[in-house]
$ cat entry-v1.cif   # mmCIF, C-alpha atoms and all ligand atoms; chains and numbers go by the auth columns
data_coords
loop_
_atom_site.group_PDB
_atom_site.id
_atom_site.type_symbol
_atom_site.label_atom_id
_atom_site.label_comp_id
_atom_site.label_asym_id
_atom_site.label_seq_id
_atom_site.Cartn_x
_atom_site.Cartn_y
_atom_site.Cartn_z
_atom_site.B_iso_or_equiv
_atom_site.auth_seq_id
_atom_site.auth_asym_id
ATOM 1 C CA MET A 1 0.000 0.000 0.000 0.00 22 H
ATOM 2 C CA SER A 2 1.500 3.377 -0.915 0.00 23 H
ATOM 3 C CA LYS A 3 2.283 5.764 1.909 0.00 24 H
ATOM 4 C CA ILE A 4 0.801 9.255 2.200 0.00 25 H
ATOM 5 C CA ILE A 5 3.022 12.264 2.782 0.00 26 H
ATOM 6 C CA ALA A 6 0.807 15.111 4.023 0.00 27 H
ATOM 7 C CA LEU A 7 2.490 18.521 4.073 0.00 28 H
ATOM 8 C CA ASN A 8 1.091 21.036 6.570 0.00 29 H
ATOM 9 C CA TRP A 9 2.450 24.504 5.787 0.00 30 H
ATOM 10 C CA LYS A 10 0.732 26.055 8.837 0.00 31 H
ATOM 11 C CA LEU A 11 0.943 29.903 8.673 0.00 32 H
ATOM 12 C CA ASN A 12 3.584 29.933 5.904 0.00 33 H
ATOM 13 C CA PRO A 13 4.950 31.202 3.538 0.00 34 H
ATOM 14 C CA GLU A 14 4.528 34.983 3.277 0.00 35 H
ATOM 15 C CA SER A 15 4.318 35.404 -0.494 0.00 36 H
ATOM 16 C CA ILE A 16 2.863 33.857 -3.643 0.00 37 H
ATOM 17 C CA ARG A 17 6.382 33.612 -5.042 0.00 38 H
ATOM 18 C CA GLU A 18 7.583 31.509 -2.089 0.00 39 H
ATOM 19 C CA ALA A 19 4.443 29.383 -2.221 0.00 40 H
ATOM 20 C CA SER A 20 5.051 28.707 -5.949 0.00 41 H
ATOM 21 C CA VAL A 21 8.587 27.507 -5.246 0.00 42 H
ATOM 22 C CA LEU A 22 7.394 25.185 -2.485 0.00 43 H
ATOM 23 C CA LEU A 23 4.624 23.813 -4.668 0.00 44 H
ATOM 24 C CA SER A 24 7.012 22.968 -7.485 0.00 45 H
ATOM 25 C CA HIS A 25 9.078 20.935 -5.005 0.00 46 H
ATOM 26 C CA SER A 26 6.036 19.167 -3.541 0.00 47 H
ATOM 27 C CA ASP A 27 4.383 17.777 -6.667 0.00 48 H
ATOM 28 C CA ASN A 28 4.462 14.030 -6.138 0.00 49 H
ATOM 29 C CA ARG A 29 1.808 11.311 -6.386 0.00 50 H
ATOM 30 C CA ASN A 30 2.142 10.351 -2.704 0.00 51 H
ATOM 31 C CA VAL A 31 1.856 13.917 -1.447 0.00 52 H
ATOM 32 C CA ILE A 32 -1.134 15.916 -0.214 0.00 53 H
ATOM 33 C CA VAL A 33 -0.324 19.619 0.282 0.00 54 H
ATOM 34 C CA PHE A 34 -2.137 21.656 2.955 0.00 55 H
ATOM 35 C CA PRO A 35 -1.371 25.337 2.262 0.00 56 H
ATOM 36 C CA PRO A 36 -3.148 28.290 3.906 0.00 57 H
ATOM 37 C CA PHE A 37 -6.571 28.982 2.305 0.00 58 H
ATOM 38 C CA ILE A 38 -5.258 31.884 0.285 0.00 59 H
ATOM 39 C CA PHE A 39 -2.858 29.696 -1.724 0.00 60 H
ATOM 40 C CA LEU A 40 -5.420 27.024 -2.647 0.00 61 H
ATOM 41 C CA PRO A 41 -6.228 28.347 -6.165 0.00 62 H
ATOM 42 C CA LEU A 42 -2.514 28.749 -6.902 0.00 63 H
ATOM 43 C CA ALA A 43 -1.829 25.230 -5.659 0.00 64 H
ATOM 44 C CA LYS A 44 -4.723 23.853 -7.702 0.00 65 H
ATOM 45 C CA ASN A 45 -3.113 25.351 -10.829 0.00 66 H
ATOM 46 C CA LYS A 46 0.437 24.271 -10.075 0.00 67 H
ATOM 47 C CA LEU A 47 0.030 20.753 -8.710 0.00 68 H
ATOM 48 C CA LYS A 48 -0.291 18.075 -11.354 0.00 69 H
ATOM 49 C CA LYS A 49 0.256 14.945 -9.238 0.00 70 H
ATOM 50 C CA SER A 50 -0.251 15.877 -5.577 0.00 71 H
ATOM 51 C CA GLY A 51 -3.516 15.964 -3.712 0.00 72 H
ATOM 52 C CA LEU A 52 -4.663 19.271 -2.234 0.00 73 H
ATOM 53 C CA GLY A 53 -6.216 20.012 1.126 0.00 74 H
ATOM 54 C CA ALA A 54 -7.069 22.818 3.547 0.00 75 H
ATOM 55 C CA GLN A 55 -5.879 23.202 7.129 0.00 76 H
ATOM 56 C CA ASP A 56 -9.328 23.893 8.572 0.00 77 H
ATOM 57 C CA VAL A 57 -12.991 24.317 7.677 0.00 78 H
ATOM 58 C CA PHE A 58 -16.080 25.891 9.224 0.00 79 H
ATOM 59 C CA TRP A 59 -19.177 23.777 9.844 0.00 80 H
ATOM 60 C CA GLU A 60 -21.799 26.106 8.350 0.00 81 H
ATOM 61 C CA GLU A 61 -22.194 26.500 4.591 0.00 82 H
ATOM 62 C CA LYS A 62 -22.934 30.231 4.483 0.00 83 H
ATOM 63 C CA GLY A 63 -24.138 33.205 6.493 0.00 84 H
ATOM 64 C CA ALA A 64 -22.931 35.762 8.994 0.00 85 H
ATOM 65 C CA PHE A 65 -19.691 34.075 10.092 0.00 86 H
ATOM 66 C CA THR A 66 -16.995 36.646 9.368 0.00 87 H
ATOM 67 C CA GLY A 67 -13.618 35.185 8.537 0.00 88 H
ATOM 68 C CA GLU A 68 -14.759 31.590 8.110 0.00 89 H
ATOM 69 C CA VAL A 69 -14.406 29.283 5.099 0.00 90 H
ATOM 70 C CA SER A 70 -16.945 26.572 4.216 0.00 91 H
ATOM 71 C CA SER A 71 -16.589 23.086 2.787 0.00 92 H
ATOM 72 C CA SER A 72 -18.077 24.070 -0.571 0.00 93 H
ATOM 73 C CA MET A 73 -15.689 27.024 -0.846 0.00 94 H
ATOM 74 C CA LEU A 74 -12.820 24.585 -0.311 0.00 95 H
ATOM 75 C CA LEU A 75 -14.131 22.113 -2.872 0.00 96 H
ATOM 76 C CA ASN A 76 -14.687 24.933 -5.371 0.00 97 H
ATOM 77 C CA SER A 77 -11.090 26.096 -4.824 0.00 98 H
ATOM 78 C CA GLY A 78 -9.717 22.654 -5.653 0.00 99 H
ATOM 79 C CA ALA A 79 -9.287 21.104 -2.202 0.00 100 H
ATOM 80 C CA LYS A 80 -10.294 17.480 -1.791 0.00 101 H
ATOM 81 C CA TYR A 81 -8.988 16.998 1.755 0.00 102 H
ATOM 82 C CA VAL A 82 -9.195 18.901 5.006 0.00 103 H
ATOM 83 C CA LEU A 83 -7.292 18.679 8.294 0.00 104 H
ATOM 84 C CA VAL A 84 -9.593 18.777 11.306 0.00 105 H
ATOM 85 C CA GLY A 85 -8.605 18.921 14.963 0.00 106 H
ATOM 86 C CA HIS A 86 -4.939 19.834 14.605 0.00 107 H
ATOM 87 C CA SER A 87 -3.551 20.354 18.109 0.00 108 H
ATOM 88 C CA GLU A 88 -2.596 23.958 17.258 0.00 109 H
ATOM 89 C CA ARG A 89 -6.255 24.692 16.521 0.00 110 H
ATOM 90 C CA ARG A 90 -7.331 22.915 19.685 0.00 111 H
ATOM 91 C CA LYS A 91 -4.805 24.941 21.701 0.00 112 H
ATOM 92 C CA TYR A 92 -4.812 28.434 20.158 0.00 113 H
ATOM 93 C CA PHE A 93 -8.418 28.576 18.916 0.00 114 H
ATOM 94 C CA ASN A 94 -10.063 26.629 21.722 0.00 115 H
ATOM 95 C CA GLU A 95 -11.457 23.983 19.398 0.00 116 H
ATOM 96 C CA THR A 96 -13.301 21.454 21.484 0.00 117 H
ATOM 97 C CA ASP A 97 -14.156 17.883 20.522 0.00 118 H
ATOM 98 C CA GLU A 98 -17.739 19.064 19.946 0.00 119 H
ATOM 99 C CA ILE A 99 -16.578 21.705 17.452 0.00 120 H
ATOM 100 C CA ILE A 100 -14.320 19.165 15.765 0.00 121 H
ATOM 101 C CA ASN A 101 -17.213 16.720 15.513 0.00 122 H
ATOM 102 C CA LYS A 102 -19.377 19.379 13.816 0.00 123 H
ATOM 103 C CA LYS A 103 -16.577 20.238 11.379 0.00 124 H
ATOM 104 C CA ILE A 104 -16.047 16.589 10.434 0.00 125 H
ATOM 105 C CA LYS A 105 -19.774 16.053 9.864 0.00 126 H
ATOM 106 C CA SER A 106 -20.066 19.100 7.630 0.00 127 H
ATOM 107 C CA ALA A 107 -16.882 18.340 5.672 0.00 128 H
ATOM 108 C CA ILE A 108 -17.886 14.746 5.016 0.00 129 H
ATOM 109 C CA LYS A 109 -21.398 15.749 3.992 0.00 130 H
ATOM 110 C CA SER A 110 -19.938 18.028 1.320 0.00 131 H
ATOM 111 C CA GLY A 111 -17.619 15.348 -0.011 0.00 132 H
ATOM 112 C CA LEU A 112 -14.282 16.422 1.476 0.00 133 H
ATOM 113 C CA LYS A 113 -11.956 13.704 2.777 0.00 134 H
ATOM 114 C CA VAL A 114 -11.073 14.378 6.379 0.00 135 H
ATOM 115 C CA ILE A 115 -7.733 13.857 8.089 0.00 136 H
ATOM 116 C CA LEU A 116 -8.583 13.969 11.779 0.00 137 H
ATOM 117 C CA CYS A 117 -5.622 14.840 14.017 0.00 138 H
ATOM 118 C CA VAL A 118 -5.453 13.350 17.496 0.00 139 H
ATOM 119 C CA GLY A 119 -2.662 13.276 20.055 0.00 140 H
ATOM 120 C CA GLU A 120 -1.931 13.235 23.756 0.00 141 H
ATOM 121 C CA PRO A 121 -0.070 15.887 25.794 0.00 142 H
ATOM 122 C CA SER A 122 3.285 15.094 27.396 0.00 143 H
ATOM 123 C CA ASP A 123 1.946 14.616 30.943 0.00 144 H
ATOM 124 C CA VAL A 124 -0.321 11.823 29.685 0.00 145 H
ATOM 125 C CA ARG A 125 2.416 10.144 27.686 0.00 146 H
ATOM 126 C CA ARG A 126 4.756 10.267 30.683 0.00 147 H
ATOM 127 C CA MET A 127 2.306 7.908 32.400 0.00 148 H
ATOM 128 C CA GLY A 128 2.942 5.363 29.631 0.00 149 H
ATOM 129 C CA LEU A 129 1.515 4.139 26.349 0.00 150 H
ATOM 130 C CA THR A 130 -1.508 2.490 27.980 0.00 151 H
ATOM 131 C CA GLU A 131 -2.633 5.829 29.425 0.00 152 H
ATOM 132 C CA ALA A 132 -1.946 7.520 26.092 0.00 153 H
ATOM 133 C CA LYS A 133 -4.114 4.908 24.346 0.00 154 H
ATOM 134 C CA LYS A 134 -6.985 5.617 26.750 0.00 155 H
ATOM 135 C CA PHE A 135 -6.646 9.346 26.017 0.00 156 H
ATOM 136 C CA ILE A 136 -6.677 8.772 22.251 0.00 157 H
ATOM 137 C CA ALA A 137 -9.610 6.339 22.411 0.00 158 H
ATOM 138 C CA PHE A 138 -11.648 8.945 24.320 0.00 159 H
ATOM 139 C CA GLN A 139 -10.677 11.682 21.859 0.00 160 H
ATOM 140 C CA LEU A 140 -11.757 9.500 18.909 0.00 161 H
ATOM 141 C CA LYS A 141 -15.021 8.614 20.661 0.00 162 H
ATOM 142 C CA LYS A 142 -15.900 12.305 21.078 0.00 163 H
ATOM 143 C CA ASP A 143 -14.578 13.553 17.740 0.00 164 H
ATOM 144 C CA LEU A 144 -16.295 10.774 15.769 0.00 165 H
ATOM 145 C CA ASP A 145 -19.538 10.698 17.744 0.00 166 H
ATOM 146 C CA LYS A 146 -22.436 9.697 15.442 0.00 167 H
ATOM 147 C CA ILE A 147 -20.207 9.749 12.379 0.00 168 H
ATOM 148 C CA SER A 148 -20.187 6.868 9.973 0.00 169 H
ATOM 149 C CA VAL A 149 -17.799 7.244 7.101 0.00 170 H
ATOM 150 C CA LYS A 150 -15.663 4.940 5.020 0.00 171 H
ATOM 151 C CA ASN A 151 -12.665 7.000 4.043 0.00 172 H
ATOM 152 C CA LEU A 152 -11.644 9.055 7.048 0.00 173 H
ATOM 153 C CA ILE A 153 -7.895 9.186 7.764 0.00 174 H
ATOM 154 C CA VAL A 154 -6.499 9.734 11.259 0.00 175 H
ATOM 155 C CA ALA A 155 -3.172 11.408 11.971 0.00 176 H
ATOM 156 C CA TYR A 156 -1.653 10.389 15.284 0.00 177 H
ATOM 157 C CA GLU A 157 0.302 13.448 16.427 0.00 178 H
ATOM 158 C CA PRO A 158 1.553 13.368 20.015 0.00 179 H
ATOM 159 C CA ILE A 159 1.379 17.055 20.992 0.00 180 H
ATOM 160 C CA TRP A 160 4.817 17.078 22.594 0.00 181 H
ATOM 161 C CA ALA A 161 6.386 15.879 19.322 0.00 182 H
ATOM 162 C CA ILE A 162 4.966 18.636 17.113 0.00 183 H
ATOM 163 C CA GLY A 163 7.508 21.264 16.142 0.00 184 H
ATOM 164 C CA THR A 164 9.861 20.281 18.957 0.00 185 H
ATOM 165 C CA GLY A 165 12.451 18.192 17.110 0.00 186 H
ATOM 166 C CA LYS A 166 11.613 15.341 19.513 0.00 187 H
ATOM 167 C CA SER A 167 9.827 12.747 17.413 0.00 188 H
ATOM 168 C CA ASP A 168 8.107 9.760 18.995 0.00 189 H
ATOM 169 C CA ASP A 169 9.723 6.362 19.208 0.00 190 H
ATOM 170 C CA PRO A 170 8.695 4.829 15.832 0.00 191 H
ATOM 171 C CA ALA A 171 7.814 1.429 17.353 0.00 192 H
ATOM 172 C CA GLU A 172 5.550 3.082 19.943 0.00 193 H
ATOM 173 C CA SER A 173 3.887 5.221 17.273 0.00 194 H
ATOM 174 C CA ALA A 174 3.331 2.102 15.218 0.00 195 H
ATOM 175 C CA GLU A 175 1.698 0.441 18.218 0.00 196 H
ATOM 176 C CA MET A 176 -0.545 3.474 18.678 0.00 197 H
ATOM 177 C CA ALA A 177 -1.334 3.576 14.942 0.00 198 H
ATOM 178 C CA GLY A 178 -2.307 -0.112 15.105 0.00 199 H
ATOM 179 C CA PHE A 179 -4.540 0.628 18.114 0.00 200 H
ATOM 180 C CA ILE A 180 -6.248 3.530 16.300 0.00 201 H
ATOM 181 C CA GLY A 181 -6.638 1.353 13.204 0.00 202 H
ATOM 182 C CA GLN A 182 -8.497 -1.278 15.272 0.00 203 H
ATOM 183 C CA ILE A 183 -10.871 1.359 16.656 0.00 204 H
ATOM 184 C CA LEU A 184 -11.577 2.667 13.158 0.00 205 H
ATOM 185 C CA LYS A 185 -12.123 -0.840 11.865 0.00 206 H
ATOM 186 C CA TYR A 186 -14.267 -2.327 14.599 0.00 207 H
ATOM 187 C CA LYS A 187 -16.098 0.691 16.047 0.00 208 H
ATOM 188 C CA HIS A 188 -16.404 2.819 12.935 0.00 209 H
ATOM 189 C CA LYS A 189 -16.527 0.049 10.309 0.00 210 H
ATOM 190 C CA ILE A 190 -13.759 1.518 8.176 0.00 211 H
ATOM 191 C CA SER A 191 -12.558 -1.600 6.379 0.00 212 H
ATOM 192 C CA ASP A 192 -9.109 -0.379 5.360 0.00 213 H
ATOM 193 C CA PRO A 193 -8.142 2.271 7.931 0.00 214 H
ATOM 194 C CA LYS A 194 -5.207 4.564 7.301 0.00 215 H
ATOM 195 C CA VAL A 195 -3.344 6.110 10.229 0.00 216 H
ATOM 196 C CA LEU A 196 -0.539 8.627 9.735 0.00 217 H
ATOM 197 C CA TYR A 197 2.161 9.652 12.186 0.00 218 H
ATOM 198 C CA GLY A 198 3.033 13.343 12.696 0.00 219 H
ATOM 199 C CA GLY A 199 5.542 15.075 14.977 0.00 220 H
ATOM 200 C CA SER A 200 9.016 16.286 13.967 0.00 221 H
ATOM 201 C CA VAL A 201 9.302 14.043 10.929 0.00 222 H
ATOM 202 C CA ASP A 202 12.343 14.857 8.784 0.00 223 H
ATOM 203 C CA SER A 203 14.550 13.233 6.172 0.00 224 H
ATOM 204 C CA LYS A 204 16.535 11.403 8.845 0.00 225 H
ATOM 205 C CA ASN A 205 13.632 9.666 10.575 0.00 226 H
ATOM 206 C CA VAL A 206 10.897 9.356 7.922 0.00 227 H
ATOM 207 C CA ARG A 207 11.895 5.817 6.939 0.00 228 H
ATOM 208 C CA ASP A 208 11.801 4.678 10.568 0.00 229 H
ATOM 209 C CA PHE A 209 8.104 5.570 10.657 0.00 230 H
ATOM 210 C CA ILE A 210 6.878 4.532 7.223 0.00 231 H
ATOM 211 C CA GLY A 211 8.709 1.222 7.553 0.00 232 H
ATOM 212 C CA PHE A 212 5.932 0.028 9.888 0.00 233 H
ATOM 213 C CA LYS A 213 2.874 -1.492 8.208 0.00 234 H
ATOM 214 C CA GLU A 214 0.596 0.109 10.841 0.00 235 H
ATOM 215 C CA ILE A 215 1.736 3.600 9.775 0.00 236 H
ATOM 216 C CA GLY A 216 0.074 4.628 6.528 0.00 237 H
ATOM 217 C CA GLY A 217 2.196 7.718 6.028 0.00 238 H
ATOM 218 C CA VAL A 218 3.361 10.890 7.724 0.00 239 H
ATOM 219 C CA LEU A 219 2.119 14.407 8.383 0.00 240 H
ATOM 220 C CA VAL A 220 5.043 16.789 8.015 0.00 241 H
ATOM 221 C CA GLY A 221 5.007 20.375 9.290 0.00 242 H
ATOM 222 C CA GLY A 222 8.289 22.261 9.621 0.00 243 H
ATOM 223 C CA ALA A 223 10.274 20.102 7.205 0.00 244 H
ATOM 224 C CA SER A 224 7.714 20.682 4.430 0.00 245 H
ATOM 225 C CA LEU A 225 8.845 24.333 4.235 0.00 246 H
ATOM 226 C CA ASN A 226 12.463 23.550 3.475 0.00 247 H
ATOM 227 C CA LYS A 227 12.801 22.480 -0.146 0.00 248 H
ATOM 228 C CA GLU A 228 16.076 20.587 0.333 0.00 249 H
ATOM 229 C CA GLU A 229 14.700 18.671 3.313 0.00 250 H
ATOM 230 C CA LEU A 230 11.440 18.031 1.472 0.00 251 H
ATOM 231 C CA GLY A 231 13.332 16.701 -1.542 0.00 252 H
ATOM 232 C CA LYS A 232 15.238 14.283 0.685 0.00 253 H
ATOM 233 C CA ILE A 233 12.011 13.083 2.324 0.00 254 H
ATOM 234 C CA LEU A 234 10.285 12.497 -0.994 0.00 255 H
ATOM 235 C CA LYS A 235 13.284 10.587 -2.346 0.00 256 H
ATOM 236 C CA GLN A 236 12.765 7.988 0.350 0.00 257 H
ATOM 237 C CA ILE A 237 9.150 7.232 -0.477 0.00 258 H
HETATM 238 C C1 LIG B . 2.216 19.276 12.110 0.00 301 H
HETATM 239 O O1 LIG B . 2.124 20.469 11.814 0.00 301 H
HETATM 240 O O2 LIG B . 1.213 18.565 12.118 0.00 301 H
HETATM 241 C C2 LIG B . 3.536 18.735 12.473 0.00 301 H
HETATM 242 C C3 LIG B . 3.625 17.458 12.711 0.00 301 H
HETATM 243 O O3 LIG B . 4.567 19.629 12.554 0.00 301 H
HETATM 244 P P1 LIG B . 6.124 19.272 12.684 0.00 301 H
HETATM 245 O O4 LIG B . 6.445 18.284 11.564 0.00 301 H
HETATM 246 O O5 LIG B . 6.817 20.562 12.499 0.00 301 H
HETATM 247 O O6 LIG B . 6.348 18.647 14.014 0.00 301 H
#

$ encode --input "entry-v1.cif" --output "structure tokens" --more "lines below"
Ligand code: PEP
Amino acid sequence: MSKIIALNWKLNPESIREASVLLSHSDNRNVIVFPPFIFLPLAKNKLKKSGLGAQDVFWEEKGAFTGEVSSSMLLNSGAKYVLVGHSERRKYFNETDEIINKKIKSAIKSGLKVILCVGEPSDVRRMGLTEAKKFIAFQLKKDLDKISVKNLIVAYEPIWAIGTGKSDDPAESAEMAGFIGQILKYKHKISDPKVLYGGSVDSKNVRDFIGFKEIGGVLVGGASLNKEELGKILKQI
């Protein structure tokens, strides 16, 4: 099964020119690029092989919601995927599991493919993998409440590994990915679940993660903004 390389640009880059350069280095069949909303039309034009997604979505389709972007706007701008529940949105924008659940429902209804991000904080992980699994199972239960869908992807992103340079132990991530896969399969009836790992992935450790059958690919933040590093990552896929 081919591995997914999802590239989350976060709040970068500053200009169309820089975005164009990054896009030309990202165009690969295994890649899904998640630029800021404003670069979606540009990315749609430039990417010939990669998938395209947005970093967030609002749950209503239209109306008096200043600053928000709907699922149909994303689809009409060329996005086929959307990230929901990234830990930075949970932390800085107070996104609760209830909000995340509403976003997933609306995105799926419109035909977007959702990559749901889940992950435990460091104090939970310090108590061990069993405690972390309980945390993740509860997060999935709330985020996916009353949702039945066949093609949802989950990204396991331990919060303490995001943007810190301290990636998870690949074998432990694989165990967690396997655990999430079982939940998706048996509770949510997703026959062929895909679980990504995210958290300080770079060209030196990417193979350690994608080498595990339980890990369906990686979600890359910081390293996706450095074209040399990105090139090295993509070479290993
Ligand atoms: C992310 O943004 O989801 C992420 C994993 O970031 P980084 O690769 O920088 O840790």

$ closest_atom_pairs --input "entry-v1.cif" --of "chain H" --to "ligand LIG 301 (chain H)" --cutoff "7 Å" --atoms "all atoms listed in the file" --output "tab-separated table"
residue	atom	partner	partner_atom	distance
H:Asn29	CA	H:LIG301	O1	5.4
H:Lys31	CA	H:LIG301	O1	6.5
H:His107	CA	H:LIG301	O2	6.8
H:Glu178	CA	H:LIG301	C3	6.4
H:Ala182	CA	H:LIG301	O6	6.0
H:Ile183	CA	H:LIG301	O6	3.4
H:Gly184	CA	H:LIG301	O6	3.6
H:Thr185	CA	H:LIG301	O6	6.3
H:Gly186	CA	H:LIG301	O6	6.9
H:Gly219	CA	H:LIG301	C3	4.2
H:Gly220	CA	H:LIG301	O6	3.8
H:Ser221	CA	H:LIG301	O6	3.6
H:Val222	CA	H:LIG301	O4	5.2
H:Leu240	CA	H:LIG301	C3	5.5
H:Val241	CA	H:LIG301	O4	4.1
H:Gly242	CA	H:LIG301	O3	3.4
H:Gly243	CA	H:LIG301	O5	3.7
H:Ala244	CA	H:LIG301	O4	6.1

$ closest_residue --input "entry-v1.cif" --among "H:Lys225, H:Lys154, H:Lys123, H:Lys248" --to "Ser45 in chain H" --atoms "only C-alpha atoms"
H:Lys248

$ atom_distance --input "entry-v1.cif" --atom1 "CA of Leu161 in chain H" --atom2 "CA of Leu173 in chain H"
11.9 Å

$ atom_distance --input "entry-v1.cif" --atom1 "CA of Ser127 in chain H" --atom2 "CA of Glu81 in chain H"
7.3 Å

$ resolve_selection --input "entry-v1.cif" --expression "the PyMOL selection byres (((chain H and resi 211) around 10) and not hetatm)" --output "PyMOL selection string"
chain H and resi 169-174+202-210+212-215

$ axis_aligned_box --input "entry-v1.cif" --around "range 75-86 of chain H" --padding-each-side "5 Å" --output "JSON"
{"center_x": -15.0, "center_y": 29.3, "center_z": 6.8, "size_x": 28.3, "size_y": 22.9, "size_z": 16.5}

$ closest_residue --input "entry-v1.cif" --among "H:Phe55, H:Phe233, H:Tyr113, H:Tyr177" --to "Lys101 in chain H" --atoms "all atoms listed in the file"
H:Phe55

$ closest_residue --input "entry-v1.cif" --among "H:Asn51, H:Ser131, H:Asn115, H:Asn226" --to "Ser188 in chain H" --atoms "all atoms listed in the file"
H:Asn226

$ residues_around --input "entry-v1.cif" --residues "Gly99 in chain H" --least-positions-apart "6" --cutoff "12 Å" --atoms "only C-alpha atoms" --output "ChimeraX atom specification"
/H:54-56,58-69,71-75,92-93,133

$ residues_near_point --input "entry-v1.cif" --point "(-0.2, 29.3, 10.8)" --cutoff "10 Å" --atoms "only C-alpha atoms" --output "list of chain:residue names"
H:Asn29, H:Trp30, H:Lys31, H:Leu32, H:Asn33, H:Pro34, H:Pro56, H:Pro57, H:Gln76, H:Glu109, H:Arg110

$ residues_around --input "entry-v1.cif" --residues "range 143-152 of chain H" --least-positions-apart "3" --cutoff "10 Å" --atoms "all atoms listed in the file" --output "ChimeraX atom specification"
/H:140,155-158,179-182,193-194,196-197

$ residues_around --input "entry-v1.cif" --residues "Glu119 in chain H" --least-positions-apart "5" --cutoff "12 Å" --atoms "all atoms listed in the file" --output "PyMOL selection string"
chain H and resi 80+105-106+111+124-126+160-167

$ resolve_selection --input "entry-v1.cif" --expression "the PyMOL selection byres (((chain H and resi 252-255) around 12) and not hetatm)" --output "count of residues only"
42

$ atom_distance --input "entry-v1.cif" --atom1 "CA of Glu89 in chain H" --atom2 "CA of Gly132 in chain H"
18.4 Å

$ closest_residue --input "entry-v1.cif" --among "H:Ser23, H:Ser91, H:Asn122, H:Ser36" --to "Cys138 in chain H" --atoms "all atoms listed in the file"
H:Asn122

$ closest_residue --input "entry-v1.cif" --among "H:Ser98, H:Lys70, H:Ala85, H:Ile201" --to "Leu137 in chain H" --atoms "only C-alpha atoms"
H:Ile201
